[in-house]
$ cat work.pdb   # PDB, C-alpha atoms and all ligand atoms
MODEL        1
ATOM      1  CA  MET A   1     182.933 224.619  64.015
ATOM      2  CA  THR A   2     182.882 226.162  60.547
ATOM      3  CA  LYS A   3     185.382 224.821  58.063
ATOM      4  CA  PRO A   4     187.886 227.174  56.403
ATOM      5  CA  LYS A   5     186.970 228.090  52.838
ATOM      6  CA  VAL A   6     189.224 226.925  50.026
ATOM      7  CA  LEU A   7     189.217 227.508  46.266
ATOM      8  CA  VAL A   8     190.089 224.496  44.103
ATOM      9  CA  ALA A   9     190.960 226.378  40.942
ATOM     10  CA  ARG A  10     191.098 223.425  38.484
ATOM     11  CA  ARG A  11     189.635 219.940  38.185
ATOM     12  CA  ALA A  12     191.335 217.447  40.515
ATOM     13  CA  PRO A  13     191.086 213.687  41.190
ATOM     14  CA  ALA A  14     187.990 212.612  43.146
ATOM     15  CA  GLU A  15     189.911 211.165  46.106
ATOM     16  CA  VAL A  16     191.793 214.440  46.500
ATOM     17  CA  LEU A  17     188.580 216.463  46.395
ATOM     18  CA  ALA A  18     187.133 214.126  49.042
ATOM     19  CA  GLN A  19     190.205 214.644  51.242
ATOM     20  CA  LEU A  20     189.909 218.422  50.889
ATOM     21  CA  ALA A  21     186.145 218.370  51.484
ATOM     22  CA  ALA A  22     186.697 216.572  54.807
ATOM     23  CA  HIS A  23     188.581 219.628  56.077
ATOM     24  CA  PHE A  24     187.331 222.593  54.089
ATOM     25  CA  GLU A  25     184.298 224.198  52.531
ATOM     26  CA  LEU A  26     185.201 223.917  48.850
ATOM     27  CA  ASP A  27     184.539 226.296  46.004
ATOM     28  CA  ARG A  28     185.464 224.270  42.928
ATOM     29  CA  HIS A  29     186.118 225.510  39.420
ATOM     30  CA  ASP A  30     185.554 222.434  37.295
ATOM     31  CA  GLY A  31     185.627 224.105  33.884
ATOM     32  CA  GLU A  32     188.139 222.999  31.272
ATOM     33  CA  SER A  33     189.543 226.526  30.890
ATOM     34  CA  PRO A  34     191.286 228.338  33.719
ATOM     35  CA  LEU A  35     189.535 231.177  35.523
ATOM     36  CA  GLY A  36     190.307 234.636  34.157
ATOM     37  CA  ALA A  37     192.206 237.028  36.418
ATOM     38  CA  ASP A  38     189.063 238.909  37.527
ATOM     39  CA  GLU A  39     187.140 235.737  38.207
ATOM     40  CA  LEU A  40     190.049 234.256  40.135
ATOM     41  CA  ARG A  41     190.180 237.362  42.328
ATOM     42  CA  ALA A  42     186.416 237.242  42.902
ATOM     43  CA  ARG A  43     186.415 233.523  43.723
ATOM     44  CA  LEU A  44     189.308 233.971  46.188
ATOM     45  CA  GLN A  45     187.372 236.435  48.347
ATOM     46  CA  GLY A  46     186.979 235.015  51.860
ATOM     47  CA  LYS A  47     189.156 231.980  51.029
ATOM     48  CA  ALA A  48     191.877 230.868  53.437
ATOM     49  CA  GLY A  49     193.497 228.561  50.918
ATOM     50  CA  ALA A  50     193.901 227.954  47.212
ATOM     51  CA  PHE A  51     194.661 224.714  45.392
ATOM     52  CA  VAL A  52     196.132 225.878  42.079
ATOM     53  CA  THR A  53     198.076 224.666  39.067
ATOM     54  CA  GLY A  54     200.436 226.363  36.637
ATOM     55  CA  THR A  55     197.565 228.172  34.918
ATOM     56  CA  GLU A  56     196.715 230.439  37.872
ATOM     57  CA  ARG A  57     198.852 233.572  38.264
ATOM     58  CA  ILE A  58     199.238 234.620  41.864
ATOM     59  CA  GLY A  59     200.798 238.081  41.849
ATOM     60  CA  ALA A  60     201.221 240.913  44.328
ATOM     61  CA  GLU A  61     198.091 242.743  43.160
ATOM     62  CA  LEU A  62     195.916 239.662  43.535
ATOM     63  CA  LEU A  63     197.320 238.998  47.008
ATOM     64  CA  ALA A  64     196.546 242.579  48.056
ATOM     65  CA  ALA A  65     192.948 242.050  46.927
ATOM     66  CA  CYS A  66     192.594 238.745  48.836
ATOM     67  CA  PRO A  67     193.501 239.560  52.455
ATOM     68  CA  ASP A  68     192.055 236.326  53.880
ATOM     69  CA  LEU A  69     194.361 234.099  51.846
ATOM     70  CA  LYS A  70     196.843 232.177  53.994
ATOM     71  CA  ALA A  71     198.089 229.319  51.799
ATOM     72  CA  VAL A  72     198.594 228.788  48.071
ATOM     73  CA  CYS A  73     199.340 225.152  47.229
ATOM     74  CA  THR A  74     200.305 224.502  43.636
ATOM     75  CA  MET A  75     200.151 221.138  41.918
ATOM     76  CA  THR A  76     203.430 221.851  40.086
ATOM     77  CA  VAL A  77     207.094 221.787  40.916
ATOM     78  CA  GLY A  78     207.777 224.975  38.936
ATOM     79  CA  HIS A  79     206.384 228.030  40.704
ATOM     80  CA  ASN A  80     207.142 230.946  38.397
ATOM     81  CA  HIS A  81     203.369 231.624  38.213
ATOM     82  CA  ILE A  82     203.434 232.618  41.894
ATOM     83  CA  ASP A  83     205.131 235.723  43.268
ATOM     84  CA  LEU A  84     206.899 234.000  46.146
ATOM     85  CA  ALA A  85     208.422 237.200  47.563
ATOM     86  CA  ALA A  86     205.016 238.921  47.623
ATOM     87  CA  CYS A  87     203.458 235.879  49.316
ATOM     88  CA  THR A  88     206.216 235.794  51.925
ATOM     89  CA  ALA A  89     205.862 239.527  52.562
ATOM     90  CA  ARG A  90     202.155 238.984  53.285
ATOM     91  CA  GLY A  91     202.725 235.850  55.370
ATOM     92  CA  VAL A  92     201.058 233.626  52.747
ATOM     93  CA  LEU A  93     202.480 230.108  52.621
ATOM     94  CA  VAL A  94     203.371 228.672  49.202
ATOM     95  CA  THR A  95     203.940 224.971  48.600
ATOM     96  CA  ASN A  96     204.845 223.023  45.434
ATOM     97  CA  THR A  97     205.163 219.356  44.461
ATOM     98  CA  PRO A  98     208.816 218.341  44.111
ATOM     99  CA  ASP A  99     210.114 214.738  43.905
ATOM    100  CA  VAL A 100     206.837 213.004  42.991
ATOM    101  CA  LEU A 101     207.193 213.963  39.298
ATOM    102  CA  THR A 102     210.970 213.702  38.903
ATOM    103  CA  GLU A 103     211.293 210.291  37.250
ATOM    104  CA  THR A 104     208.165 210.680  35.097
ATOM    105  CA  THR A 105     209.335 214.049  33.814
ATOM    106  CA  ALA A 106     212.823 212.706  33.117
ATOM    107  CA  ASP A 107     211.269 209.758  31.216
ATOM    108  CA  PHE A 108     209.423 212.226  29.029
ATOM    109  CA  GLY A 109     212.496 214.400  28.548
ATOM    110  CA  PHE A 110     214.346 211.384  27.273
ATOM    111  CA  ALA A 111     211.441 210.319  25.075
ATOM    112  CA  LEU A 112     211.347 213.794  23.542
ATOM    113  CA  LEU A 113     215.106 213.694  22.999
ATOM    114  CA  MET A 114     214.800 210.321  21.266
ATOM    115  CA  ALA A 115     211.813 211.387  19.165
ATOM    116  CA  THR A 116     213.626 214.555  18.104
ATOM    117  CA  ALA A 117     217.040 213.061  17.397
ATOM    118  CA  ARG A 118     215.600 210.045  15.575
ATOM    119  CA  ARG A 119     212.982 212.070  13.677
ATOM    120  CA  MET A 120     210.064 209.954  14.898
ATOM    121  CA  ALA A 121     207.341 212.595  14.600
ATOM    122  CA  GLU A 122     208.527 213.587  11.134
ATOM    123  CA  GLY A 123     208.504 209.924  10.069
ATOM    124  CA  GLU A 124     205.052 209.344  11.482
ATOM    125  CA  ARG A 125     203.649 212.393   9.712
ATOM    126  CA  LEU A 126     205.259 211.341   6.443
ATOM    127  CA  LEU A 127     203.866 207.808   6.693
ATOM    128  CA  ARG A 128     200.319 208.952   7.516
ATOM    129  CA  ASP A 129     200.471 211.457   4.657
ATOM    130  CA  GLY A 130     201.312 208.658   2.199
ATOM    131  CA  GLY A 131     204.878 209.900   1.719
ATOM    132  CA  TRP A 132     206.603 206.526   2.355
ATOM    133  CA  LYS A 133     207.428 205.356  -1.157
ATOM    134  CA  SER A 134     210.698 203.515  -0.925
ATOM    135  CA  TRP A 135     213.999 203.120   0.925
ATOM    136  CA  SER A 136     217.210 205.053   0.552
ATOM    137  CA  TRP A 137     220.378 204.995   2.653
ATOM    138  CA  ASP A 138     219.776 208.401   4.233
ATOM    139  CA  PHE A 139     215.962 208.232   4.446
ATOM    140  CA  LEU A 140     214.968 210.081   7.671
ATOM    141  CA  ALA A 141     218.481 209.567   9.032
ATOM    142  CA  GLY A 142     218.810 211.300  12.374
ATOM    143  CA  ALA A 143     221.393 211.897  15.065
ATOM    144  CA  GLU A 144     223.001 209.215  17.222
ATOM    145  CA  VAL A 145     221.831 209.072  20.833
ATOM    146  CA  HIS A 146     223.918 206.313  22.459
ATOM    147  CA  GLY A 147     227.506 207.315  23.029
ATOM    148  CA  SER A 148     226.836 210.972  22.200
ATOM    149  CA  THR A 149     227.190 214.001  24.497
ATOM    150  CA  LEU A 150     224.206 214.832  26.678
ATOM    151  CA  ALA A 151     224.401 218.425  27.883
ATOM    152  CA  ILE A 152     222.083 219.396  30.738
ATOM    153  CA  LEU A 153     221.356 223.010  31.655
ATOM    154  CA  GLY A 154     219.945 222.997  35.202
ATOM    155  CA  MET A 155     221.062 220.101  37.382
ATOM    156  CA  GLY A 156     218.300 219.796  39.970
ATOM    157  CA  ARG A 157     216.337 216.640  40.641
ATOM    158  CA  ILE A 158     215.045 216.242  37.068
ATOM    159  CA  GLY A 159     218.426 217.110  35.535
ATOM    160  CA  GLN A 160     220.054 214.421  37.640
ATOM    161  CA  ALA A 161     217.397 211.861  36.686
ATOM    162  CA  LEU A 162     218.109 212.665  33.020
ATOM    163  CA  ALA A 163     221.844 212.311  33.614
ATOM    164  CA  ARG A 164     221.332 208.810  35.037
ATOM    165  CA  ARG A 165     219.278 207.784  32.020
ATOM    166  CA  GLY A 166     221.863 209.156  29.615
ATOM    167  CA  ARG A 167     224.938 207.807  31.380
ATOM    168  CA  PHE A 168     223.746 204.384  32.462
ATOM    169  CA  GLY A 169     221.025 203.677  29.914
ATOM    170  CA  PHE A 170     222.641 205.028  26.769
ATOM    171  CA  GLY A 171     226.357 205.233  27.585
ATOM    172  CA  MET A 172     226.366 208.978  26.949
ATOM    173  CA  ARG A 173     229.016 211.439  28.013
ATOM    174  CA  VAL A 174     227.167 213.744  30.419
ATOM    175  CA  ILE A 175     228.134 217.374  30.940
ATOM    176  CA  TYR A 176     226.121 219.946  32.853
ATOM    177  CA  HIS A 177     225.940 223.576  33.830
ATOM    178  CA  ASN A 178     224.117 224.864  36.876
ATOM    179  CA  ARG A 179     224.093 227.916  39.151
ATOM    180  CA  SER A 180     225.962 225.832  41.702
ATOM    181  CA  ARG A 181     228.189 222.862  41.106
ATOM    182  CA  LEU A 182     227.134 219.503  42.574
ATOM    183  CA  PRO A 183     229.226 217.900  45.326
ATOM    184  CA  ALA A 184     232.068 215.764  43.924
ATOM    185  CA  ASP A 185     230.524 212.490  45.135
ATOM    186  CA  THR A 186     227.190 213.298  43.426
ATOM    187  CA  GLU A 187     229.018 214.149  40.188
ATOM    188  CA  ALA A 188     230.938 210.886  40.440
ATOM    189  CA  ALA A 189     227.786 208.853  41.095
ATOM    190  CA  LEU A 190     226.104 210.430  38.051
ATOM    191  CA  GLY A 191     229.205 210.269  35.882
ATOM    192  CA  ALA A 192     228.552 213.939  35.039
ATOM    193  CA  ARG A 193     231.136 216.682  34.454
ATOM    194  CA  TYR A 194     230.562 220.344  35.328
ATOM    195  CA  VAL A 195     231.379 222.792  32.502
ATOM    196  CA  GLY A 196     230.873 226.491  31.816
ATOM    197  CA  LYS A 197     227.822 227.510  29.764
ATOM    198  CA  ASP A 198     229.927 228.156  26.639
ATOM    199  CA  GLU A 199     231.495 224.707  26.721
ATOM    200  CA  LEU A 200     228.068 223.179  27.369
ATOM    201  CA  LEU A 201     226.693 224.815  24.219
ATOM    202  CA  ARG A 202     229.723 223.978  22.073
ATOM    203  CA  GLU A 203     230.003 220.342  23.142
ATOM    204  CA  ALA A 204     226.316 219.391  23.215
ATOM    205  CA  ASP A 205     225.008 216.766  20.815
ATOM    206  CA  HIS A 206     221.736 216.985  22.744
ATOM    207  CA  LEU A 207     221.110 219.988  24.967
ATOM    208  CA  VAL A 208     218.285 219.545  27.490
ATOM    209  CA  LEU A 209     216.873 222.534  29.382
ATOM    210  CA  VAL A 210     215.613 221.729  32.874
ATOM    211  CA  LEU A 211     216.392 224.909  34.783
ATOM    212  CA  PRO A 212     213.733 226.798  36.747
ATOM    213  CA  TYR A 213     212.302 229.872  35.033
ATOM    214  CA  SER A 214     213.242 233.244  36.516
ATOM    215  CA  ALA A 215     213.927 236.770  35.234
ATOM    216  CA  GLU A 216     217.571 235.708  34.918
ATOM    217  CA  ALA A 217     216.679 232.619  32.869
ATOM    218  CA  HIS A 218     214.411 234.568  30.470
ATOM    219  CA  HIS A 219     215.612 233.944  26.887
ATOM    220  CA  CYS A 220     218.897 232.570  28.187
ATOM    221  CA  ILE A 221     218.891 230.470  25.010
ATOM    222  CA  ALA A 222     218.717 233.070  22.233
ATOM    223  CA  ALA A 223     220.507 233.773  18.933
ATOM    224  CA  ALA A 224     224.002 234.086  20.464
ATOM    225  CA  GLU A 225     223.686 230.802  22.377
ATOM    226  CA  LEU A 226     222.199 228.924  19.418
ATOM    227  CA  ALA A 227     225.083 230.201  17.264
ATOM    228  CA  ARG A 228     227.537 228.396  19.541
ATOM    229  CA  MET A 229     225.868 225.012  19.091
ATOM    230  CA  LYS A 230     226.846 222.342  16.563
ATOM    231  CA  PRO A 231     224.803 222.270  13.326
ATOM    232  CA  THR A 232     224.053 218.621  14.139
ATOM    233  CA  ALA A 233     222.798 219.340  17.678
ATOM    234  CA  THR A 234     219.288 218.952  19.071
ATOM    235  CA  LEU A 235     217.709 221.211  21.695
ATOM    236  CA  ILE A 236     215.099 219.884  24.138
ATOM    237  CA  ASN A 237     213.035 222.121  26.441
ATOM    238  CA  ILE A 238     210.959 220.557  29.229
ATOM    239  CA  ALA A 239     211.362 223.497  31.648
ATOM    240  CA  ARG A 240     209.481 226.695  30.737
ATOM    241  CA  GLY A 241     208.928 228.265  27.330
ATOM    242  CA  GLY A 242     210.288 231.671  28.318
ATOM    243  CA  ILE A 243     213.791 230.256  28.677
ATOM    244  CA  VAL A 244     214.118 230.089  24.875
ATOM    245  CA  ASP A 245     213.800 232.952  22.402
ATOM    246  CA  GLU A 246     211.384 231.121  20.090
ATOM    247  CA  ASP A 247     211.880 233.430  17.102
ATOM    248  CA  ALA A 248     215.648 232.938  17.291
ATOM    249  CA  LEU A 249     215.135 229.181  17.630
ATOM    250  CA  ALA A 250     212.799 229.048  14.641
ATOM    251  CA  ALA A 251     215.371 230.927  12.542
ATOM    252  CA  ALA A 252     218.178 228.569  13.628
ATOM    253  CA  LEU A 253     216.048 225.523  12.792
ATOM    254  CA  ARG A 254     214.914 226.945   9.455
ATOM    255  CA  GLU A 255     218.485 227.719   8.422
ATOM    256  CA  ARG A 256     219.679 224.356   9.807
ATOM    257  CA  ARG A 257     222.120 226.064  12.141
ATOM    258  CA  ILE A 258     221.007 223.414  14.619
ATOM    259  CA  ALA A 259     219.467 220.133  13.461
ATOM    260  CA  ALA A 260     216.260 219.828  15.452
ATOM    261  CA  ALA A 261     214.347 220.767  18.596
ATOM    262  CA  GLY A 262     211.848 219.068  20.892
ATOM    263  CA  LEU A 263     209.636 221.426  22.872
ATOM    264  CA  ASP A 264     207.097 220.569  25.559
ATOM    265  CA  VAL A 265     206.772 224.145  26.831
ATOM    266  CA  PHE A 266     206.082 227.452  25.072
ATOM    267  CA  GLU A 267     206.316 231.088  25.952
ATOM    268  CA  GLY A 268     202.652 231.909  25.361
ATOM    269  CA  GLU A 269     201.146 228.467  25.906
ATOM    270  CA  PRO A 270     198.684 227.132  24.971
ATOM    271  CA  ARG A 271     199.439 229.364  21.956
ATOM    272  CA  VAL A 272     202.368 228.078  19.901
ATOM    273  CA  ASN A 273     204.592 230.397  17.873
ATOM    274  CA  PRO A 274     203.465 229.955  14.211
ATOM    275  CA  ALA A 275     207.101 230.068  13.076
ATOM    276  CA  LEU A 276     207.697 226.830  14.991
ATOM    277  CA  LEU A 277     204.491 225.203  13.739
ATOM    278  CA  ALA A 278     205.695 225.720  10.168
ATOM    279  CA  LEU A 279     208.930 223.729  10.618
ATOM    280  CA  PRO A 280     209.439 219.983  10.054
ATOM    281  CA  ASN A 281     212.476 219.605  12.335
ATOM    282  CA  VAL A 282     210.756 220.396  15.624
ATOM    283  CA  VAL A 283     208.711 218.028  17.783
ATOM    284  CA  LEU A 284     205.969 219.886  19.640
ATOM    285  CA  THR A 285     204.082 218.467  22.639
ATOM    286  CA  PRO A 286     201.481 220.219  24.841
ATOM    287  CA  HIS A 287     203.240 220.510  28.236
ATOM    288  CA  ILE A 288     202.770 216.866  29.200
ATOM    289  CA  ALA A 289     206.119 215.887  30.707
ATOM    290  CA  SER A 290     204.558 215.007  34.081
ATOM    291  CA  ALA A 291     201.370 213.595  32.570
ATOM    292  CA  THR A 292     200.958 210.016  33.729
ATOM    293  CA  LEU A 293     197.947 209.209  35.879
ATOM    294  CA  PRO A 294     199.966 207.882  38.850
ATOM    295  CA  THR A 295     202.173 210.976  38.841
ATOM    296  CA  ARG A 296     199.331 213.453  38.431
ATOM    297  CA  HIS A 297     197.509 211.709  41.327
ATOM    298  CA  ALA A 298     200.667 211.932  43.448
ATOM    299  CA  MET A 299     201.062 215.633  42.595
ATOM    300  CA  ALA A 300     197.421 216.388  43.476
ATOM    301  CA  ARG A 301     197.689 214.407  46.734
ATOM    302  CA  LEU A 302     200.841 216.250  47.746
ATOM    303  CA  ALA A 303     199.275 219.645  47.008
ATOM    304  CA  ALA A 304     196.222 218.637  49.095
ATOM    305  CA  ASP A 305     198.397 217.307  51.950
ATOM    306  CA  ASN A 306     200.185 220.638  51.972
ATOM    307  CA  LEU A 307     196.928 222.592  52.086
ATOM    308  CA  VAL A 308     195.428 220.460  54.857
ATOM    309  CA  ALA A 309     198.604 220.694  56.954
ATOM    310  CA  ALA A 310     198.956 224.439  56.364
ATOM    311  CA  LEU A 311     195.426 225.268  57.491
ATOM    312  CA  THR A 312     195.233 222.811  60.409
ATOM    313  CA  GLY A 313     198.412 223.914  62.177
ATOM    314  CA  ALA A 314     200.525 220.932  61.072
ATOM    315  CA  THR A 315     203.813 221.104  59.156
ATOM    316  CA  PRO A 316     203.299 221.050  55.381
ATOM    317  CA  PRO A 317     205.515 218.475  53.628
ATOM    318  CA  THR A 318     206.953 220.717  50.891
ATOM    319  CA  PRO A 319     206.809 224.426  51.750
ATOM    320  CA  LEU A 320     208.649 226.985  49.584
ATOM    321  CA  ASN A 321     208.630 229.730  52.241
ATOM    322  CA  PRO A 322     208.576 227.891  55.591
ATOM    323  CA  GLU A 323     209.631 231.139  57.279
ATOM    324  CA  VAL A 324     205.974 232.264  57.265
ATOM    325  CA  LEU A 325     204.946 229.314  59.464
ATOM    326  CA  PRO A 326     202.997 229.005  61.698
ATOM    327  CA  LEU A 327     200.212 230.751  59.813
TER     328      LEU A 327
HETATM  329  C1  LIG B 401     202.593 220.721  35.309
HETATM  330  C2  LIG B 401     205.034 221.381  35.382
HETATM  331  O1  LIG B 401     201.807 219.672  34.923
HETATM  332  O2  LIG B 401     205.174 220.775  37.656
HETATM  333  C3  LIG B 401     205.486 221.577  36.787
HETATM  334  O3  LIG B 401     206.203 222.567  37.033
HETATM  335  O4  LIG B 401     205.456 222.057  34.513
HETATM  336  C4  LIG B 401     204.041 220.313  35.074
HETATM  337  O5  LIG B 401     204.321 219.197  35.833
HETATM  338  C5  LIG B 401     202.186 221.957  34.561
HETATM  339  O6  LIG B 401     202.808 223.081  35.110
HETATM  340  C6  LIG B 401     200.686 222.178  34.555
HETATM  341  O7  LIG B 401     200.216 222.708  35.757
ENDMDL
END
$ encode --input "work.pdb" --output "structure tokens"
Amino acid sequence: MTKPKVLVARRAPAEVLAQLAAHFELDRHDGESPLGADELRARLQGKAGAFVTGTERIGAELLAACPDLKAVCTMTVGHNHIDLAACTARGVLVTNTPDVLTETTADFGFALLMATARRMAEGERLLRDGGWKSWSWDFLAGAEVHGSTLAILGMGRIGQALARRGRFGFGMRVIYHNRSRLPADTEAALGARYVGKDELLREADHLVLVLPYSAEAHHCIAAAELARMKPTATLINIARGGIVDEDALAAALRERRIAAAGLDVFEGEPRVNPALLALPNVVLTPHIASATLPTRHAMARLAADNLVAALTGATPPTPLNPEVLPL
């Protein structure tokens, strides 16, 4: 029996490639840069499945040009790079990788918050540049983390993992805003209080963005929202770059209308807005919130498990549009 053909669009761990190769005929793109749109379309011809990451855009036009495609399994929890409605309309299954990266991503979110509030990157740069000459009472003095107000926009799995760290690790007051309010017992267990978006912005000492990206979330933190924040506040984004209007953020940081920002995601990544690069009070990291080896292995395994299940008639563990099943 011939094996179904599958495109593995980015490098993946060896054990995951071996698992996929046991079931499928693989076409692997092992280059360090993602395939361009035309090349992706060409390589998907005749493929029943695709193992992708956040760098592959799967839109309606591409789907129309790849009629054999039955399953797109992404090694990410966020899936704004995939047109889910278009996939569903064509009966193409989409899966993502929730849960396995929650704690790791929350760890990084907290690390970025700490580094930003306590000016760690600025201090490190200054020291390496030979700028550490002496001591003074306000030398690199930052914002307090323990006992301050942690404001979380987007209270899904990662938001809740951040809330636990803030509440129980650092004795923070936790407030959140989300499309839907959590059940009362979940709020109580997290020690988190639901507030409107305005109150969230006004009360935040540290505002962390962990909401999924959508048309509605595009630039939902822009000049008007930044103007509501305290001048001492920090803003952390570990969700998607497009949620923040980067020009408005750069202006607010430059004019010290907010104190600092920590960004792991960018609107045009891997390009970074030059206005942000020019500022001292922003910590910039290259989209690495889920980047530990155990977590990246778990993400790749889950994406592969989904693909194998989808194309062998089994039930995929984490489908986004299970209504298209069976394929
Ligand atoms: C990915 C992420 O590593 O899962 C997500 O949604 O943002 C990260 O964990 C990133 O998208 C690269 O593919």
$ closest_residue --input "work.pdb" --among "A:Leu276, A:Ala233, A:Phe24, A:Met1" --to "Leu307 (chain A)" --atoms "all atoms listed in the file"
A:Phe24
$ atom_distance --input "work.pdb" --atom1 "CA of Asp185 (chain A)" --atom2 "CA of Leu201 (chain A)"
24.6 Å
$ residues_near_ligand --input "work.pdb" --ligand "ligand LIG 401 (chain B)" --cutoff "6 Å" --atoms "only C-alpha atoms and all ligand atoms" --output "ChimeraX atom specification"
/A:53-54,76-78,290
$ closest_residue --input "work.pdb" --among "A:Leu249, A:Met155, A:Ala14, A:Cys66" --to "Arg43 (chain A)" --atoms "all atoms listed in the file"
A:Cys66
$ atom_distance --input "work.pdb" --atom1 "CA of Arg240 (chain A)" --atom2 "CA of Gly36 (chain A)"
21.0 Å
$ closest_residue --input "work.pdb" --among "A:Ser148, A:Thr105, A:Asn96, A:Thr55" --to "Val72 (chain A)" --atoms "only C-alpha atoms"
A:Asn96
$ axis_aligned_box --input "work.pdb" --around "region 104-107 of chain A" --padding-each-side "3 Å" --output "JSON"
{"center_x": 210.5, "center_y": 211.9, "center_z": 33.2, "size_x": 10.7, "size_y": 10.3, "size_z": 9.9}
$ resolve_selection --input "work.pdb" --expression "the PyMOL selection byres (((chain A and resi 38) around 12) and not hetatm)" --output "count of residues only"
18
$ closest_residue --input "work.pdb" --among "A:Arg28, A:His218, A:Arg301, A:Arg119" --to "Ala260 (chain A)" --atoms "only C-alpha atoms"
A:Arg119
$ residues_near_point --input "work.pdb" --point "(219.4, 225.2, 10.7)" --cutoff "12 Å" --atoms "only C-alpha atoms" --output "list in words"
Ala223, Leu226, Ala227, Met229, Lys230, Pro231, Thr232, Ala233, Thr234, Leu235, Ala248, Leu249, Ala250, Ala251, Ala252, Leu253, Arg254, Glu255, Arg256, Arg257, Ile258, Ala259, Ala260, Ala261, Leu279, Pro280, Asn281 and Val282 of chain A
$ closest_atom_pairs --input "work.pdb" --of "region 200-292 of chain A" --to "region 82-88 of chain A" --cutoff "12 Å" --atoms "all atoms listed in the file" --output "CSV"
residue,atom,partner,partner_atom,distance
A:Tyr213,CA,A:Ile82,CA,11.5
A:Ser214,CA,A:Asp83,CA,10.8
A:Ala215,CA,A:Asp83,CA,12.0
$ atom_distance --input "work.pdb" --atom1 "CA of Leu162 (chain A)" --atom2 "CA of Ala106 (chain A)"
5.3 Å
$ resolve_selection --input "work.pdb" --expression "the PyMOL selection byres (((chain A and resi 9) around 6) and not hetatm)" --output "NGL selection string"
:A and (7-8 or 10 or 29 or 52)
$ residues_around --input "work.pdb" --residues "Pro319 (chain A)" --least-positions-apart "3" --cutoff "12 Å" --atoms "all atoms listed in the file" --output "PyMOL selection string"
chain A and resi 71-74+77+79+84+88+92-98+302-303+305-307+309-310+314-316+322-326
